Every structure is written in C-alpha cells, then in structure tokens.
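Peer 1: Next up is a structure, given as structure tokens.
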Amino acid sequence: RLYEGAGGGGEVEAKAARRVLVYILDTSLRLLHPYMPYVTEQLWHHLPRPDKGEESAAHSLMLADWPQMDDGSPLVTSADDISAFESFQTLTRSIRNARAEYNVEPGKKISATVVAKGPIKDAIADEVKSLVALAKLDPE
C-alpha cells in the first residue's frame, strides 16, 4: 500500500498508509523514550509533524505529551473485523503451508483458487493485493 505495483494501491491508499505508519512510529517512540532517550529523540525529530504554532508544538520528545486514548474509553473492536482478519490469517497460513508441503521455491509465485462466500469473500476481495504479496501468489 505504500507503493504502486504488486501489492500496492493508489495515491490515496499510500497517503493513508503513511499517516498510519507515522502515527504508530510516533506513539512507539514516545513509549520507548524513557528506556532509550537518545535514540528515540533523534528518530522523533525526523518524523513529519504538523505545525500547530510555537506554543503547542513540542520541540523535544521529552516535552511531548504522553500517548493517550481520545476519551479514556476502552479500545473499540469490531467482532466482524476480527473474524475477517482471522480468516485472512488462516487463508494466508494455509497457502504458505501448501507451498512448504509441495516444496515450492521461496521466490516462485504460484496460482491459487479461493472459494468463499458472504462477508469473508468481501473481506478477501478487499485485501487481495495483500494476499498476493504475503502468500507470493501470481496476481493473474
């Protein structure tokens, strides 16, 4: 999703993926800072940050706010999304296991036929580029 081509998406998907990666890296660096202050400080200064004005923007990771949930409520999860992700994991694992059982060369792309219906079919269709990349499938 960060690039175009096999496994990649368009410009909108790439921007969304980059925003998520920056958010995760920023949060991770804030959490790691008490244990690795010098390394995290240097890395944090290279992250893109919006200009919010002199008074609200922290100039040092040491002075930046600790990561917080938006409203302090527990993390919201969707049972449907978790089920779809687990199905996707199982499918990817099954294809990889089949590759190993048949001694397929690691770099060789193979074809696979997936039979699914209902919401699982829709979830797999949405993530077909990821499946192609993770299971080393032939996109045609």
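Lettering and numbering for the structure tokens are positional, with chains as A, B, ... in the shown order, residues counted from 1 in each chain, and ligands counted from 1 in the shown order.
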With a distance cut-off of 9 Å and only C-alpha atoms, select the neighbouring residues of Met62 in chain A, excluding the residue or stretch itself and same-chain residues fewer than 6 positions from it, and output the selection as a list in words.
Peer 2: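 Non-adjacent residues within range: Arg30, His33, Pro34, Pro37 and Glu41 of chain A.
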Peer 1: Excluding same-chain residues fewer than 5 positions from Leu91 in chain A, what lies within 10 Å of it counting only C-alpha atoms, as JSON, numbers by chain?
Peer 2: {"A": [85, 86, 96, 97, 114, 124, 131, 135]}
Peer 1: Give me, please, the distance in Å between CA of Pro106 in chain A and CA of Ser83 in chain A, quoted to one decimal.
Peer 2: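 Atom-to-atom, CA of Pro106 in chain A and CA of Ser83 in chain A are spaced 28.7 Å apart.
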Peer 1: Between A:Phe88, A:Tyr35, A:Tyr23, A:Trp44, which is the closest to Ile120 in chain A once you count only C-alpha atoms?
Peer 2: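 Closest to Ile120 in chain A, using only C-alpha atoms: A:Phe88.
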Peer 1: Please identify the alpha helix (DSSP H) residues within chain A (assignment by DSSP from backbone atoms) and present them as an MDAnalysis selection string.
Peer 2: chainID A and resid 11:32 37:44 79:101 119:126 128:135
Peer 1: How many Å separate CA of Arg99 in chain A from CA of Ser87 in chain A?
Peer 2: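 Here the two named atoms are 18.4 Å from each other.
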Peer 1: Pick the closest to Glu127 in chain A from A:Thr40, A:Gln89, A:Ser28, A:Ser60: which is it, counting only C-alpha atoms?
Peer 2: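 Closest to Glu127 in chain A of all the choices is A:Gln89.
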Peer 1: Could you list, as a list in words, every residue within 12 Å of Pro48 in chain A, counting only C-alpha atoms and ignoring same-chain residues fewer than 4 positions away?
Peer 2: Arg18, Arg19, Leu21, Val22, Tyr23, Leu25, Asp26, Leu43 and Trp44 of chain A
Peer 1: Grab the CA of Lys136 in chain A to CA of Lys117 in chain A distance for me, in Å with one decimal place.
Peer 2: 22.8 Å
Peer 1: Of the candidates A:Gly10, A:Val39, A:Leu61, A:Leu137, which shows the shortest atom-to-atom distance to Val104 in chain A, using only C-alpha atoms?
Peer 2: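 Looking only at the distances to Val104 in chain A, the closest residue turns out to be A:Leu137.
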